[in-house]
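Remarks on the structure that follows.
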Amino acid sequence: MIDNPASPIVDAESPQGYFHGKQLFSKLECCAFERECYERQKQLERLAEELARSNGELELFASMASHDLQEPLCTITTYLQLIERTKANSLDQDSRGYLKFTLDASKRLRDLIDDLLTYSRVGVKSSNFVTFKANVAVEEALTSLAGAIAESDARIEVEELPEICADSHRMVQLFENLISNAIKYHSGSVPLIRIGAERQADRWVFHVADNGIGIEKHFQERVFEMFRRLHGNEIPGTGIGLGICKKIVEQRGGKIGIESEPGKGSKFHFSVPDEFPC
Ligand code: ADP
């Protein structure tokens with residue numbers, strides 16, 4: 001229920017009228033005003049219900065579509081790989097090139113489907129809340145990224161992090177996305193990534209900071225939009241990762257943001273408020 005912010009104040013001196021601000025309303029006008037407020041509130045509640053229903057349907061659709069697309073794509077990729085393994089030598093140079101383009105495209109499509117599926121899944125509110133030390137989630141994310149870390153020689157410094165109450169699987173996913181971006185969008189020098197947390201009034205604010213290429217001010221809000229990519233296809237990606245991060249943080253009642261300077265690096269921060277009881 002939304003409190004009626006404009007409820008009239010009775011003027012003791014003037015029983016036939018009501019004050020609202022500096023204006024004097026008649027009883028009749030007040031009744032009409034209250035009725036209008038009530039009707040608008042009901043209309044808002046109906047719209048909110050409708051929006052929640054339509055969001056739920058969209059998420060279900062994305063989840064089913066991604067799931068059903070995975071199977072034929074898997075068959076296509078398997079047979080292309082089979083051709084590559086067994087017939088590549090008998091193909092001319094052009095055909096080998098076409099085969100490579102097709103395999104690269106099927107890999108991009110698989111990444112896109114996986115990310116869409118993840119995005120639609122994190123739309124569903126989690127009920128898997130547990131209390132755990134955030135370092136455990138970071139360690140798990142680093143284990144999944146071991147290959148990329150070794151390949152890039154990235155140096156990762158992790159502070160002592162607090163205990164939080166959250167969906168641990170989603171927290172791993174969140175750190176994994178932020179750390180893998182910090183590696184991916186490096187500036188050419190060895191990636192240096194710092195992960196920490198600081199206490200603010202009623203919340204923990206975590207950060208993942210890098211020394212990468214950075215993001216210009218006017219793009220800093222927009223990178224959380226779906227499919228928003230600032231860099232071309234030379235750096236692989238689907239443009240969904242930060243959208244997933246935003247959803248995970250907001251589902252937990254927090255906010256995500258960036259401080260960044262092009263050429264110097266980026267610091268992604270997200271909050272985990274206390275008010276969510278485990
Ligand atoms: P992608 O799959 O393209 O990495 P994301 O949603 O994770 O998608 O990120 C959106 C865009 O934000 C990226 O394409 C990139 O341009 C920019 N970006 C994300 N993280 C960083 C970072 N740490 N440093 C610089 N740019 C970044």
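Each chain in the structure tokens gets a letter, A, B, ..., in the order shown, and its residues are numbered from 1; ligands are numbered from 1 in order too.
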Could you report the residues within 7 Å of ligand 1, using only C-alpha atoms and all ligand atoms, as JSON, numbers by chain? {"A": [177, 178, 181, 182, 185, 210, 212, 213, 214, 215, 223, 224, 226, 227, 228, 229, 230, 231, 236, 237, 238, 239, 240, 241, 242, 243, 265, 266]}
I need the helix (DSSP H, G or I) residues of stretch 3-179 of chain A per DSSP on the backbone, written as an NGL selection string. :A and (27-90 or 93-122 or 134-144 or 146-152 or 168-179)
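Between A:Asn128 and the candidates A:Arg252, A:Glu221, A:Leu192, A:Leu82, the tightest atom-to-atom separation, counting only C-alpha atoms, involves A:Arg252.
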Counting only C-alpha atoms, which residue out of A:Phe33, A:Tyr79, A:Phe270, A:Phe219 sits closest to A:Lys246? A:Phe270
For A:Val190, find every residue with an atom within 8 Å (counting only C-alpha atoms), except residues of its own chain fewer than 5 positions away, and show them as a PyMOL selection string. chain A and resi 152-155
Just the residues within 9 Å of A:Glu198, please, counting only C-alpha atoms, with nothing from its chain fewer than 5 positions along; format it as a PyMOL selection string. chain A and resi 161-162+203-207
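Restricting the calculation to only C-alpha atoms, the smallest distance between A:Ile235 and any of A:Lys184, A:Ser26, A:Glu216, A:Ser260 is found for A:Lys184.
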